[in-house]
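Novice: Before I ask anything, here is the structure I am working with.
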Amino acid sequence: MNQALREALQRDERIFLMGEDVGAYGGCYAVSKGLMAEFGEDRIRDTPLSESGFTGFGIGAAAGGLRPIVELMTVNFSLLALDQIMNTAATIRHMSGGQFGVPLVIRMATGAGKQLAAQHSHSLEGWYAHIPGLRILAPATLEDARGMLWTALQEPDPVLIFENVMLYNRSGPLDTGAGAVDIDRAAIRRPGRDLTLLTYGGSLFKTLEAAEALSTEGIEAEVIDLRVLRPLDEATIMASVGRTRRAVVVDEGWRAGSLSAEIAARIGEQVFWRMDAPVGRVCTAEVPIPYPRHLEDAAIPQVPRILEAARATLGKG
Amino acid sequence: MNQALREALQRDERIFLMGEDVGAYGGCYAVSKGLMAEFGEDRIRDTPLSESGFTGFGIGAAAGGLRPIVELMTVNFSLLALDQIMNTAATIRHMSGGQFGVPLVIRMATGAGKQLAAQHSHSLEGWYAHIPGLRILAPATLEDARGMLWTALQEPDPVLIFENVMLYNRSGPLDTGAGAVDIDRAAIRRPGRDLTLLTYGGSLFKTLEAAEALSTEGIEAEVIDLRVLRPLDEATIMASVGRTRRAVVVDEGWRAGSLSAEIAARIGEQVFWRMDAPVGRVCTAEVPIPYPRHLEDAAIPQVPRILEAARATLGKG
Amino acid sequence: MSAAKIHLTRETVRAHLHAMMRIRMFEDRCAELYTQEKIRGFLHLYDGEEAIAAGIIPQLTATDRIVATYREHGHALVRGVPMRSVMAEMFGKATGCSGGRGGSMHLFDAARNVYGGNAIVGGGLPLAGGLGLADRVQGSGAVTACFFGEGAVAEGEFHETMNLAQLWRVPVLFVCENNGYAMGTALTRSEAQTDIHTRAAGYGIPSEVVDGMDVVAVEAGTRRALAAIREDPHPYFLECRTYRFRAHSMFDAQLYRDKAEVEAWRQKGPILRFRNWALSAGLLHEADIAAIETEIEAEIADAVAFAESSEWEPVADLLHHVTAEARPAPPPPAEPTGATATARP
Amino acid sequence: MSAAKIHLTRETVRAHLHAMMRIRMFEDRCAELYTQEKIRGFLHLYDGEEAIAAGIIPQLTATDRIVATYREHGHALVRGVPMRSVMAEMFGKATGCSGGRGGSMHLFDAARNVYGGNAIVGGGLPLAGGLGLADRVQGSGAVTACFFGEGAVAEGEFHETMNLAQLWRVPVLFVCENNGYAMGTALTRSEAQTDIHTRAAGYGIPSEVVDGMDVVAVEAGTRRALAAIREDPHPYFLECRTYRFRAHSMFDAQLYRDKAEVEAWRQKGPILRFRNWALSAGLLHEADIAAIETEIEAEIADAVAFAESSEWEPVADLLHHVTAEARPAPPPPAEPTGATATARP
Ligand SMILES: Cc1ncc(C[n+]2csc(CCOP(=O)(O)OP(=O)(O)O)c2C)c(N)n1
Ligand SMILES: Cc1ncc(C[n+]2csc(CCOP(=O)(O)OP(=O)(O)O)c2C)c(N)n1
Ligand SMILES: [Mg+2]
Ligand SMILES: [Mg+2]
């Protein structure tokens, strides 16, 4: 992200980053470290603790000709800005009959796994995907984390990028030519024929690990990284599920009303007659995230539960 | 509601109503008319425009021994209070290891149909049903609108009551003995054998109308009024759908990620092998609600679309 | 009348009166059309508050911007949004200034920099702040005028916006249309500190209070404010004390105030007072006023006819305007170089 | 030391020093335990700010209430939450004061009216206001002490709470622990008006600023505040100027301030100054201090041993504490009378 931000700031002078502690502190997850020194306080704009206010300023600045990147630090605090996001950013184009758009990128960290307890561990990206007018991205790989930003900045409408907190721990080789990526399509991260595992964000690597384990049992799972949670890339999803005839969705949101439900519903609507089993779901338990490691682990999707669900779908439970 | 509020205020002196214009104005929908004169300004407490603040005061007052009824006027403004609702009301019991509860009732109007346009027509009750720790009610009948309040006030945890704006137009005969009703179970509003129509709130009467029309075609639809959106009464739902083997959910939420998706997903999980057709969904189009009547009508569920979906489920599309 | 302090030409006087009467007469007609169910949804009239829009908006330049509330017919009209397209919008017709999608509460006009028509109390304040930020950063020299009621002052967004506006020195004229009531809640029942302009001063924002029933006083205050902002971009706060003569919206039984109170304020009405003063000062004659009336009546008749005869947007277009019609093509896939470097997010 | 103005007994002096040292030594140990990964998640230390909790909380009665932030170990300890259960909570053990569910940021204790431990900046303010409302309405005579950092002042919830608190005259002591930084953001970079207590005064709330590095000054300010509140329930605002010696949390490289600045403040540290003053005034001797240290060390060792040996909550209990274990039975169905009346919602 740091590199992605730097490049964006270099390429388009209308772009600026604003949010709590993005500047002097270097970003809550060190994502913007060094950028204030390089680009100055106007383009790396530290804000007071005023989530609704500065998100709204971002909306206004976007409508006024700039290309703001608003960082909401984490999804947990974004609730304070929801009115601005839903009632202004997502709606003004419609209310104005198409006259005004809000080309704004809002970034935030999401997800559990760091023992931050009930108020700091929400996974609400799937929930945000309910709102018309927004594009919702959930990068799971370093390449996407870096590449989605620039593409998002070209969009005429608001784009929310949810970066899973566990992604900040990853580092690895990335092609030096890596650049902008599309923000339209899901990616097949692992081809397979026996069932489709659908996931995104923080659960991708767990799902891939589960797929490897299944492979040793002779089960070849196709793994789809949704990447874009709104609008969903139905073509890729249905092509895969229609072929494998079995699906499990792995989703870190609370189960009831999570994105997994929408995917299951659409699979039902579109490829019901091809399905050999009901769509399985591995989600977060319906509990605010507890602090202790063992309870947090038990609450959110893990490899063993993915394996179980996959086997159940194949009638091998 | 007016009568329900009056009785609650008479029966328990810890109960009070607070919200914007509940007092001197008499309530945005005249729901609390006359109550301030009767119970005084302390128990019918007009608030400034501070949704987050007074909802939080309600939470604190509940934790401190009172039984507040917070009126958020409409769901559209509740976004401003979402942090307090999700991060405090729904979470404090868990964070405190069960030591503190929030016996709070939050009422708000919801839904479209009055040509109030994009910022005043949200139907987010199904979306709120994603949040663990809350009980979500959606009265569709006068009896429920009156009777749910008192039961909700006995709950040890926060209860959100969403009253569809179209309900405020209804008036009709109600048994003089009508009183508290349960807030656990869905209700079968019309028995039937050929398919199950699942709905709640503002869509109930449209759905009943559709069921009557289907009946003239020889199709007997069972109509379930969910009543409680969280936790869902799975027993009633599955018993019906397992019997009729076909289901359509009618839900005024935007389609993607609406409650209809969760219901479809659970039907898949629990009675997949009995289903003779995919679960149909009639939801609101993915658009902020437009102002003109014809576009608003086209956006939200209507009888013809329910009929179409019901017939499609029966292969009679 | 504070007119003494400002040199008023006959033209100016006529223009002021015309602007105020045009709003009043337009809205009177809207109220009728509401009863006839031509206009639906919520309808909030500006009746009694016309001096504010009329005193402020003509001072703005074409590149300045406007953010208003659901009580914004007056602002749109004074800003020059054609009455035809305002009326068509109220009817929900495709020829309306928001394509019919918004209705009374959401008048927009990109050509005239009218950013709504916001129906969330306080919701327009951060938007205005952000527009101001864009102007500041781009050095455009433009000013954003942001209108809101005194009810908005209690909202958290007011506070956050004031602080950010001053911290970042955005060229925004915040105009509090203090009509004493937020729906049925009198200011004294909603604010611990009822002297609104002192609230803004608490953030270090230059602020003043003017008689919002006096178009000339409003104009004078606006001149001072705009001069200050244009000299050195920063926020400025203008509290205009006014009164709403009619109900909050068309669904308001007005249980919260006496008829006598309303009557007393009506005597101080911005049109009545200004008109009488202009007549007595000999700046206008009865015939001038009659001419204004005739002119406006014709304009309204034309607007209503236009709205009536305009088309509804086809239902097939329902999903328009959710996102932009045109999106950039997805970027070409990057050519892998083969070389890699260690990356962190 | 402002001690001159208050009559300090040897006991009081010892108690103050003990309270502050107990927090400091407890937290020093927590930092070690964090490195050892016994404590996880976020850990925010109160290092440098101890005089505030120590100066205020002992003045409260048993029925008074406390609302704090994620930086609340000191508040819990001074309030009498047993160190064992605080430490066990930090470990996430079932014997913790929140049953292990909350961790460092969410210390709760119903028996002692400790309402958390809130990790949303500003989130505790309305909660405190509501507790105060309950006390006012019930005439309980209790006061709620609400602690928050100066960073919270920019949040809309601060504004809404101040206004409501004053409007409804709730008996809440709002304590702003102004340590000059919100994470890495210096107050001057986040507030247009940096004199925090004047902000509260803007709502008409009596407010004062005290030296938060001086336990006696804090105590004196608190006495004045509590006396006023108990005499006639209303909100009161106390700004305590202080400094955090350590990083914001354990993930903070402190790029935003100089080592020298920290060093200079350390010299004004609340424990150091009070201790030296007490020694020089002859109210305490080195031996007393050594005894305090020994006592606290033993308490900490005991608390750690307790936390270590406590059980984890079984995974089978995962879904506990989402809603109450017991709910009232659903009401019996009403008997239809057969008679009906017309009802409206
Ligand atoms: C956030 C929010 N809360 C509540 C409402 C409902 N509401 C609409 S107008 C209004 C009163 C606003 O009063 P004021 O700001 O003084 O403006 P006025 O109507 O007097 O011009 C209320 C409570 C709303 N639209 N938005
Ligand atoms: C609403 C919200 N926004 C952002 C954060 C992240 N955050 C945690 S502490 C903090 C700084 C708070 O500073 P202050 O209020 O001064 O308290 P201090 O940490 O200095 O005691 C921030 C930005 C949060 N917890 N809640
Ligand atoms: Mg008003
Ligand atoms: Mg601080």
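Residue numbering restarts at 1 for every chain of the structure tokens, chains are lettered A, B, ... in their displayed order, and ligands are numbered from 1 as they appear.
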Throw together the list of residues within 8 Å of ligand 4, counting only C-alpha atoms and all ligand atoms, and drop it here as a ChimeraX atom specification.
Specialist: /D:149-151,177-183,187,244
Novice: Those selected residues, please, written with C-alpha atoms and delivered as a JSON list (two decimals), in the first residue's frame.
Specialist:
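again_21.json was written with the following content:
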[["chain", "number", "residue", "atom", "x", "y", "z"],
["D", 149, "GLY", "CA", -8.78, 11.88, 26.17],
["D", 150, "GLU", "CA", -8.58, 15.28, 24.51],
["D", 151, "GLY", "CA", -8.78, 13.51, 21.17],
["D", 177, "GLU", "CA", -7.30, 13.61, 30.37],
["D", 178, "ASN", "CA", -5.49, 16.02, 28.10],
["D", 179, "ASN", "CA", -2.14, 14.41, 27.37],
["D", 180, "GLY", "CA", -1.53, 16.58, 24.33],
["D", 181, "TYR", "CA", -1.67, 13.78, 21.79],
["D", 182, "ALA", "CA", -4.27, 11.59, 20.18],
["D", 183, "MET", "CA", -2.09, 8.77, 18.94],
["D", 187, "LEU", "CA", -3.71, 18.86, 20.01],
["D", 244, "ARG", "CA", 1.84, 10.19, 28.35]]
Novice: Which chain A residues are at most 7 Å from chain D (counting only C-alpha atoms), as a VMD selection string?
Specialist: chain A and resid 21 24 to 25 47 to 50 114 to 117 119 287 290 to 292 295
Novice: Using only C-alpha atoms, which chain B residues lie at most 6 Å away from chain A, written as a list in words?
Specialist: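 Output check: Leu79, Leu80, Leu82, Asp83, Asn87, Gln119, His130, Pro132, Ala256, Gly257, Ala261, Glu262, Ala264, Ala265, Gly268, Glu269, Phe272, Pro278, Glu286 and Val287 of chain B.
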Novice: Compile the contact shell of region 29-36 of chain A as a list of chain:residue names: residues with an atom at most 9 Å away, counting only C-alpha atoms, same-chain residues fewer than 3 positions apart removed.
Specialist: A:Met1, A:Asn2, A:Gln3, A:Leu5, A:Arg6, A:Leu17, A:Val22, A:Gly23, A:Ala24, A:Tyr25, A:Gly26, A:Phe39, A:Gly40, A:Glu41, A:Asp42, A:Arg43, A:Ile44, A:Arg45, A:Met73, A:Ala109, A:Val165, A:Tyr168, C:Arg344, C:Pro345, D:Phe251
Novice: Write the residues of the preceding selection, restricted to C-alpha atoms, as a compact mmCIF listing (two decimals), in the first residue's frame.
Specialist:
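Dumped to result-v8.txt:
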# COMPACT_ATOMS: atom_id res chain seq x y z
CA MET A 1 0.00 0.00 0.00
CA ASN A 2 2.75 2.43 0.84
CA GLN A 3 4.15 2.13 -2.66
CA LEU A 5 -0.07 5.46 -2.35
CA ARG A 6 3.23 7.01 -3.33
CA LEU A 17 -4.75 11.12 1.53
CA VAL A 22 -1.95 9.07 8.34
CA GLY A 23 0.72 11.76 8.57
CA ALA A 24 2.90 12.39 11.59
CA TYR A 25 2.19 8.96 13.02
CA GLY A 26 2.79 7.20 9.72
CA PHE A 39 4.34 15.10 -0.11
CA GLY A 40 3.66 17.65 2.60
CA GLU A 41 0.81 18.20 5.03
CA ASP A 42 -1.69 19.25 2.39
CA ARG A 43 -1.54 15.98 0.55
CA ILE A 44 -1.09 13.75 3.58
CA ARG A 45 -3.67 15.36 5.75
CA MET A 73 -8.43 3.62 10.07
CA ALA A 109 -8.80 -2.02 7.80
CA VAL A 165 -5.78 -6.60 9.18
CA TYR A 168 -0.72 -6.19 6.93
CA ARG C 344 4.55 -5.24 2.18
CA PRO C 345 1.06 -3.95 2.14
CA PHE D 251 2.60 -0.47 18.21
Novice: Quick one: residues within 12 Å of Val223 (chain A), only C-alpha atoms, excluding same-chain residues fewer than 5 positions away - as a VMD selection string?
Specialist: chain A and resid 186 to 200 203 to 212 214 236 to 237 240 to 241 244 246 to 250 306 310
Novice: To one decimal place, how far is atom 6 (C, counted along the ligand's line) of ligand 2 from CA of Val170 (chain C) in Å?
Specialist: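 Taking atom 6 (C, counted along the ligand's line) of ligand 2 as the start and CA of Val170 (chain C) as the end point, the length is 25.5 Å.
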